[in-house]
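Q: Following this message is one structure expressed as C-alpha cells.
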Amino acid sequence: MGRDETRWQVGFDAFDPVDERRREALLALGNGVLSWRAAAPEAAAADDAATDVHYAGFYRAGWYDDGRRDVNGEAVNLAALVNLPDPFGLSVSLDGRRWFGPPEVQRLRYRQTLRMDRGCLEREIIFALDGHRFHLKEVRLLSLAEPHLAVLRWNLHCPPGIDRLLVRAVLDGGVENALIKKNRAYEGKRLLDLGMESADDGRAALSARVSTPGRRLAMAVSTRHDAAPTPWQCLRKGERLLQQTECALGDHRRLVIEKRVIVQVDRELPDDPGVARRQVLERLPTQNFARLHLRHAKAWRQLWVDAPLTLCDPEMERPLRLHAFHLLQTISPHSLGEDLGFPPRGWQEGYFGQVFWDEIFAYPFLSTHFPDLARLLLDYRHRRIDMARERAREAGLRGAMFPWRSAGDGHEQTPPFQCNPLSGHWMPDHTQLQRHIGATIAHDAWQLYLATGDEQLLAGKAGELILEIARFWASLAQWNADLGRYVILGVIGPDEYHNLPPDGLKPGLDNNAYTNLMAVWTLSLGLEVLNALPQAMAEALREKVKLQSAELMNWVEIARKMYLPIREDGILAQFDGSERLQPTPKAWRQDGRPRLDWMLEAKGDRTDRYQLAKQPDVLMLLYIFPHSELQRLVRSLGYAFDDEALYRTVQHHLSDLTHESSLSLVVCAGALSRIEPEDSWDYFQQSMGVDLDSPSDGGTLEGVHLGAMAGSLDVLQRHYLGIWPERDGLHVCPAPPKALGDVALSVLYRGASLSVLLQDCQLVIRSAIANRGAVPIKLPSGLVQLSPGEQLAIACSRR
C-alpha cells in the first residue's frame with residue numbers, strides 16, 4: 001500500500017460550463033474559518049460579472065445573518081450563512097478591451113486539480129487571446145497556518161512578441177446570496193453600509209455589516225506582481241472596485257501575480273469601520289509565497305499524520321480521502337475557540353449553512369482522531385442549552401428541547417415554507433417536529449466521553465446535556481391507558497417524506513419507531529451517566545440540574561414501558577398507521593424522474609400517502625447500534641425481537657427506500673454490514689459517488705454532503721473494521737467485506753494511539769510505544785490488555 005500521488009488528487013481534464021458550479025463546491029477550499037468555492041477568478045473580473053456558469057462563493061464559518069424577508073406573504077427572520085464580498089477577481093488583457101475570462105475565450109488545455117495532501121487547488125490552462133497563446137498555472141490556498149488568510153497565485157507564460165500586459169483586479173462588494181434558485185425569497189442581498197478604499201500600490205479594503213446586531217466585516221486585498229512597479233488605476237463602479245495596471249514583461253516573458261486576502265469579523269475588529277479597514281490592511285502578510293505555502297502545507301501534513309488512511313485500492317482510497325479532507329477543512333484546528341456547529345453542506349449556501357443532526361455521522365471519526373474538534377461541536381450545543389430549556393418551557397415541557405435546525409443562536413431555523421421548483425408553489429415545512437435531534441446530541445456527548453474517558457467532561461457539559469435531554473423525553477412521553485404504555489405523539493422521524501398521518505391533516509406522526517427507541521436509549525443513558533461517575537461528581541451533577549429521585553424513578557418507568565409500533569409479523573414499523581399507506585407505483589422507482597415530493601405536490605398529491613421513504617428511518621437504528629444492542633433495547637420493553645424479526649424488518653424497510661437522501665446509501669451500508677454484507681458493500685461503493693459522480697444540476701452544487709462523507713469513514717472504521725469505544729474498553733469485532741482489501745489507519749482511545757492494519761484475513765492492532773499504559777481491548781472472546789509497543793492479531797473472515 002504505497003503512496004501513489006493520484007490517491008491524493010481529484011481533478012478534471014476539461015472545462016465544462018454545465019458542470020462548473022458542481023465542481024466549485026466539490027473542489028472548494030476551507031480552513032475551518034473561511035470557505036472558498038472553486039470559481040474562476042477571471043469570470044469575476046469580467047465587465048459583466050454576472051454569469052450562469054460560475055458562482056463566486058466566499059464564506060466565514062458560522063457568520064450568519066437573520067435579516068427579515070417576506071416569504072409567501074409572511075415576515076420571516078431566517079438565519080443564513082452570508083456570501084462575503086468577492087476579492088478574487090483577476091484577469092489579463094492585451095488591449096484593455098478583450099479580457100481573459102468570457103466563455104468564448106478559447107481554452108486549448110484545461111486541468112483543475114485538488115491536492116488534498118497540500119490543501120491547495122491548482123489549475124493549468126492554455127488559452128488563446130487575440131490570436132496569442134498563453135499558459136497559466138494557478139495555485140490557491142486557504143491558509144491552515146493563518147486562519148484569516150487566502151492566497152491566489154497566477155504564473156503566466158506569455159508568447160513571443162508580447163512585451164506588455166494589462167492586469168485587472170476586482171473587489172466585488174455587490175455580491176448576494178443567490179446560488180440556490182428555490183431559496184431566493186429567503187436570500188438576496190445581505191451586506192449593508194459598504195465602505196471601500198484603495199491605494200495605487202494594489203491594495204484595497206472593504207467594510208460592511210449585516211442586519212444581525214454586532215455582525216461586522218472587514219476585508220483587505222493586496223494584488224502584487226513581479227514586473228516593474230507601476231501605479232494601479234482605481235475605479236469604483238457601484239459596489240465593485242476595479243484596479244488596473246500595465247506590466248512590462250522581461251525577456252523571460254513570464255508574469256507572476258498574487259492576490260492576498262485577509263478577512264476579520266465582529267469582535268476581531270474595532271468598532272469604527274475606517275479603523276477596521278486600516279487594521280486588516282496592516283495584517284496583509286509580507287512573506288514570500290514559498291514561505292506562506294510551506295507553512296500551510298506543513299499544517300496539512302500534520303492533520304494527515306493524525307488521521308492516516310491507506311487502502312490497497314486507490315480508487316476506493318481517493319473518495320474516502322476526499323471525504324476526510326472536506327470534514328477536516330470544515331472543522332479544523334483553526335475552528336477551536338469559535339462558536340461553530342456541523343453544517344451538513346459545509347460552509348456554503350446549501351441549507352443556508354445551518355446545523356442539523358449530521359454530526360451524528362461525524363462524531364465516531366472525530367472522537368477517535370480529533371477529540372478536541374468533537375469537543376468544539378459539543379460546546380456549540382452546550383452554549384445553547386439555556387435556549388433549549390426555554391423552548392421546552394414554552395412548549396409546556398421540561399428539560400432541553402433543541403431545534404431541528406440551528407444557526408447563530410438556539411432558535412429554531414427551519415423555514416416555514418419550501419419552494420417547489422416544479423410547481424412554483426410554497427410547500428409548508430413541518431420538519432421542526434424532528435425531536436430526535438435531542439437524542440443525537442446526547443449520543444454524541446456520550447461518544448466523546450467513551451472515546452476520551454474524561455470524567456470532568458461527563459460531570460460537566462456532556463452530562464448536563466444528556467440529563468436535560470432525558471428530562472425532555474420524560475416530559476414528552478404520555479401515558480396511554482388503553483395500551484398500558486407510554487407514547488410519543490406528533491413528531492417527525494428522520495424520513496422527511498412522512499410529515500402527516502395517513503388519515504389526518506395535523507402535522508406530526510404518532511410513535512415514530514426511531515424517535516421512541518432513541519428516547520428510551522437516552523433515558524437509560526441518563527441513568528448510566530450517574531452510575532458511571534464517582535458518587536461526589538454524580539451528586540454535584542444532579543444538584544446542578546436539580547434532578548430529584550422521583551424523576552429518576554419516572555425515567556426507569558418510561559424506559560421499561562415505551563410503546564413501539566411492532567406489527568403482528570414482528571416487523572418494527574416506521575410509525576403508527578404506516579401499514580395503511582398506499583403501495584408505491586413501480587414507475588416511481590425509476591431514475592430520470594423529479595424528486596418525489598416535488599413531483600407529487602405538483603400533481604396535487606403528497607408523499608405522506610405512500611409506502612416510500614426518502615431516508616432510512618428504522619434502519620438508522622441498525623446504523624447506530626450493534627444488532628445485539630438494538631435487540632436488547634427492544635426486548636427491554638417486553639417485546640419479542642429475534643434475529644428473524646430483525647431480518648424481516650430490514651427487508652421491509654429496504655423495499656420502501658427511494659435513496660433520495662444523500663445519507664441513505666451510507667446508512668444502508670452500515671446497517672447491513674453484518675446482515676447482508678454483499679449488499680452493504682454495494683451501498684458503500686455507491687456512497688463514494690454521492691458527490692464525485694453526482695449530476696451537474698444535483699444537490700452537490702449547493703455544497704458537498706458532509707454527513708454522508710463522514711458516514712463513509714464511520715462505516716469503514718466502526719462497521720467493517722469493527723472498532724468502537726465503550727466504557728469497558730475499545731471494542732474490536734471486525735466484519736470486513738470480501739472486496740474491501742487491505743486497510744491501514746489509526747485510532748485514539750483515551751489518549752492512547754493505536755495503529756490498525758487489516759491484511760488478508762487478519763486485523764492487527766498495535767499500541768504506540770509512547771502510550772502511558774495498557775489499553776483494554778474488548779474482543780468477542782474477552783478482555784485483553786494491550787501494553788505500549790505490543791500488538792494484537794485478530795483473525796477475521798471476509799464476509
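Lettering and numbering for the C-alpha cells are positional, with chains as A, B, ... in the shown order, residues counted from 1 in each chain, and ligands counted from 1 in the shown order.
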Please provide as a PDB file with N, CA and C atoms, in the first residue's frame all residues within 8 Å of region 753-758 of chain A, with the sequence filter that same-chain residues fewer than 6 positions apart are discarded (counting only C-alpha atoms).

A:
```pdb
ATOM      1  N   LEU A 721     -14.273  -2.555  10.052  1.00  0.00           N
ATOM      2  CA  LEU A 721     -13.163  -2.974  10.911  1.00  0.00           C
ATOM      3  C   LEU A 721     -13.668  -3.328  12.305  1.00  0.00           C
ATOM      4  N   GLY A 741     -10.378  -5.381   0.698  1.00  0.00           N
ATOM      5  CA  GLY A 741      -8.932  -5.344   0.551  1.00  0.00           C
ATOM      6  C   GLY A 741      -8.258  -4.908   1.833  1.00  0.00           C
ATOM      7  N   ASP A 742      -6.972  -4.597   1.730  1.00  0.00           N
ATOM      8  CA  ASP A 742      -6.185  -4.217   2.903  1.00  0.00           C
ATOM      9  C   ASP A 742      -6.430  -2.751   3.254  1.00  0.00           C
ATOM     10  N   VAL A 743      -6.413  -2.474   4.558  1.00  0.00           N
ATOM     11  CA  VAL A 743      -6.674  -1.124   5.070  1.00  0.00           C
ATOM     12  C   VAL A 743      -5.708  -0.841   6.201  1.00  0.00           C
ATOM     13  N   ALA A 744      -5.216   0.395   6.255  1.00  0.00           N
ATOM     14  CA  ALA A 744      -4.390   0.840   7.382  1.00  0.00           C
ATOM     15  C   ALA A 744      -4.901   2.193   7.849  1.00  0.00           C
ATOM     16  N   LEU A 745      -5.096   2.321   9.154  1.00  0.00           N
ATOM     17  CA  LEU A 745      -5.496   3.601   9.739  1.00  0.00           C
ATOM     18  C   LEU A 745      -5.079   3.607  11.198  1.00  0.00           C
ATOM     19  N   SER A 746      -5.513   4.617  11.926  1.00  0.00           N
ATOM     20  CA  SER A 746      -5.192   4.688  13.347  1.00  0.00           C
ATOM     21  C   SER A 746      -6.415   5.171  14.112  1.00  0.00           C
ATOM     22  N   VAL A 747      -6.408   4.962  15.427  1.00  0.00           N
ATOM     23  CA  VAL A 747      -7.465   5.491  16.294  1.00  0.00           C
ATOM     24  C   VAL A 747      -6.831   5.966  17.596  1.00  0.00           C
ATOM     25  N   VAL A 764      -4.648  -6.434  12.722  1.00  0.00           N
ATOM     26  CA  VAL A 764      -3.556  -6.256  13.674  1.00  0.00           C
ATOM     27  C   VAL A 764      -3.671  -4.872  14.306  1.00  0.00           C
ATOM     28  N   ILE A 765      -3.706  -4.825  15.627  1.00  0.00           N
ATOM     29  CA  ILE A 765      -3.753  -3.566  16.368  1.00  0.00           C
ATOM     30  C   ILE A 765      -2.465  -3.443  17.171  1.00  0.00           C
ATOM     31  N   ARG A 766      -1.785  -2.319  16.991  1.00  0.00           N
ATOM     32  CA  ARG A 766      -0.516  -2.103  17.685  1.00  0.00           C
ATOM     33  C   ARG A 766      -0.617  -0.854  18.542  1.00  0.00           C
ATOM     34  N   SER A 767      -0.205  -0.974  19.780  1.00  0.00           N
ATOM     35  CA  SER A 767      -0.204   0.153  20.705  1.00  0.00           C
ATOM     36  C   SER A 767       1.122   0.896  20.595  1.00  0.00           C
ATOM     37  N   ALA A 768       1.053   2.216  20.399  1.00  0.00           N
ATOM     38  CA  ALA A 768       2.275   3.020  20.253  1.00  0.00           C
ATOM     39  C   ALA A 768       3.139   2.896  21.496  1.00  0.00           C
ATOM     40  N   ASN A 771       2.607   5.295  24.414  1.00  0.00           N
ATOM     41  CA  ASN A 771       1.406   5.272  25.250  1.00  0.00           C
ATOM     42  C   ASN A 771       1.779   5.063  26.714  1.00  0.00           C
TER      43      ASN A 771
END
```

Q: Nearest to Leu294 (chain A) among A:Tyr59, A:Arg606, A:Cys120, A:Gly399, with distances taken over only C-alpha atoms: which residue is it?

A: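 For Leu294 (chain A), the nearest of the given residues is A:Cys120.
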
Q: With a distance cut-off of 7 Å and only C-alpha atoms, select the neighbouring residues of Val53 (chain A), excluding the residue or stretch itself and same-chain residues fewer than 6 positions from it, and output the selection as number ranges by chain.

A: A: 17-18, 20-21

Q: Excluding same-chain residues fewer than 4 positions from Phe417 (chain A), what lies within 6 Å of it counting only C-alpha atoms, as JSON, numbers by chain?

A: {"A": [426, 427, 428, 429]}

Q: Mind writing the picked residues with N, CA, C and O atoms as a PDB file, in the first residue's frame?

A:
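And here is the file that came out, again_9.pdb:
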```pdb
ATOM      1  N   TRP A 426     -45.538  27.187  -2.753  1.00  0.00           N
ATOM      2  CA  TRP A 426     -44.891  27.139  -1.453  1.00  0.00           C
ATOM      3  C   TRP A 426     -45.447  25.960  -0.669  1.00  0.00           C
ATOM      4  O   TRP A 426     -46.641  25.879  -0.417  1.00  0.00           O
ATOM      5  N   MET A 427     -44.560  25.048  -0.294  1.00  0.00           N
ATOM      6  CA  MET A 427     -44.935  23.866   0.472  1.00  0.00           C
ATOM      7  C   MET A 427     -44.603  24.105   1.945  1.00  0.00           C
ATOM      8  O   MET A 427     -43.466  24.451   2.269  1.00  0.00           O
ATOM      9  N   PRO A 428     -45.568  23.942   2.854  1.00  0.00           N
ATOM     10  CA  PRO A 428     -45.249  24.126   4.273  1.00  0.00           C
ATOM     11  C   PRO A 428     -44.198  23.120   4.733  1.00  0.00           C
ATOM     12  O   PRO A 428     -44.206  21.967   4.327  1.00  0.00           O
ATOM     13  N   ASP A 429     -43.277  23.583   5.561  1.00  0.00           N
ATOM     14  CA  ASP A 429     -42.196  22.737   6.090  1.00  0.00           C
ATOM     15  C   ASP A 429     -42.481  22.471   7.563  1.00  0.00           C
ATOM     16  O   ASP A 429     -42.444  23.386   8.388  1.00  0.00           O
TER      17      ASP A 429
END
```

Q: Among region 455-499 of chain A, which residues does DSSP mark as strand (DSSP E or B) when it is run on the backbone? Keep the chain and numbering as in the structure and answer as number ranges by chain.

A: A: 478-480, 485-487, 491

Q: Given only C-alpha atoms as the basis, pick out the residue of A:Cys312, A:Val491, A:Leu637, A:Val618 nearest to Arg7 (chain A).

A: A:Cys312

Q: Which neighbours of Ser664 (chain A) fall inside 10 Å, counting only C-alpha atoms, when residues of the same chain fewer than 4 positions from it are skipped, and could you give them as a ChimeraX atom specification?

A: /A:495,613-617,619-620,657-660,668-669,683,687,708

Q: Take the residues just selected and output them with C-alpha atoms as a compact mmCIF listing (two decimals), in the first residue's frame.

A:
```
# COMPACT_ATOMS: atom_id res chain seq x y z
CA ASP A 495 -37.65 10.29 6.94
CA ALA A 613 -39.06 6.69 2.31
CA LYS A 614 -36.58 9.34 1.30
CA GLN A 615 -34.19 8.22 4.00
CA PRO A 616 -33.73 5.06 6.08
CA ASP A 617 -35.67 5.74 9.24
CA LEU A 619 -32.67 1.30 9.53
CA MET A 620 -30.89 4.22 11.18
CA LEU A 657 -36.40 3.33 0.07
CA THR A 658 -36.06 5.88 -2.76
CA HIS A 659 -32.47 6.80 -1.75
CA GLU A 660 -33.22 10.45 -2.48
CA CYS A 668 -27.72 1.15 4.48
CA ALA A 669 -24.04 0.25 4.17
CA TYR A 683 -24.24 0.53 -0.95
CA SER A 687 -21.88 6.18 -1.42
CA ALA A 708 -22.61 11.24 4.05
```

Q: Find the spatial neighbours of region 232-235 of chain A, counting only C-alpha atoms, within a cut-off of 10 Å - ignore same-chain residues fewer than 3 positions away - and output them as a ChimeraX atom specification.

A: /A:167-170,197-204,223,229,238,240-246

Q: If we count only C-alpha atoms, what is near region 677-681 of chain A at a cut-off of 10 Å, once residues fewer than 2 positions away on the same chain are taken out, given as a VMD selection string?

A: chain A and resid 665 to 675 683 to 687 715 720 735 to 740 798 to 799

Q: Save the residues we just selected, C-alpha atoms, as an mmCIF file, in the first residue's frame?

A:
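As written to disk, part.cif reads:
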```cif
data_model
loop_
_atom_site.group_PDB
_atom_site.id
_atom_site.type_symbol
_atom_site.label_atom_id
_atom_site.label_comp_id
_atom_site.auth_asym_id
_atom_site.auth_seq_id
_atom_site.Cartn_x
_atom_site.Cartn_y
_atom_site.Cartn_z
ATOM 1 C CA LEU A 665 -26.650 4.821 0.955
ATOM 2 C CA VAL A 666 -24.171 5.151 3.794
ATOM 3 C CA VAL A 667 -26.836 4.315 6.398
ATOM 4 C CA CYS A 668 -27.724 1.147 4.477
ATOM 5 C CA ALA A 669 -24.045 0.249 4.173
ATOM 6 C CA GLY A 670 -23.653 0.384 7.939
ATOM 7 C CA ALA A 671 -26.999 -1.182 8.795
ATOM 8 C CA LEU A 672 -26.434 -4.195 6.527
ATOM 9 C CA SER A 673 -22.744 -4.775 7.276
ATOM 10 C CA ARG A 674 -23.415 -7.922 9.334
ATOM 11 C CA ILE A 675 -26.768 -8.958 7.854
ATOM 12 C CA TYR A 683 -24.243 0.530 -0.947
ATOM 13 C CA PHE A 684 -20.827 1.561 0.357
ATOM 14 C CA GLN A 685 -19.374 1.746 -3.145
ATOM 15 C CA GLN A 686 -22.347 3.779 -4.329
ATOM 16 C CA SER A 687 -21.876 6.185 -1.420
ATOM 17 C CA VAL A 715 -18.738 2.677 8.185
ATOM 18 C CA TYR A 720 -16.220 -3.004 8.664
ATOM 19 C CA ALA A 735 -16.554 -7.849 9.752
ATOM 20 C CA PRO A 736 -14.755 -6.746 6.577
ATOM 21 C CA PRO A 737 -16.418 -7.344 3.201
ATOM 22 C CA LYS A 738 -14.577 -9.662 0.838
ATOM 23 C CA ALA A 739 -13.896 -6.869 -1.638
ATOM 24 C CA LEU A 740 -12.579 -4.345 0.867
ATOM 25 C CA ARG A 798 -14.097 -11.833 4.888
ATOM 26 C CA ARG A 799 -17.867 -11.648 4.592
#
```

Q: Within region 6-57 of chain A, find each residue whose DSSP state, derived from the backbone, is helix (DSSP H, G or I), and express the selection as a PyMOL selection string.

A: chain A and resi 6-8+20-26+41-44
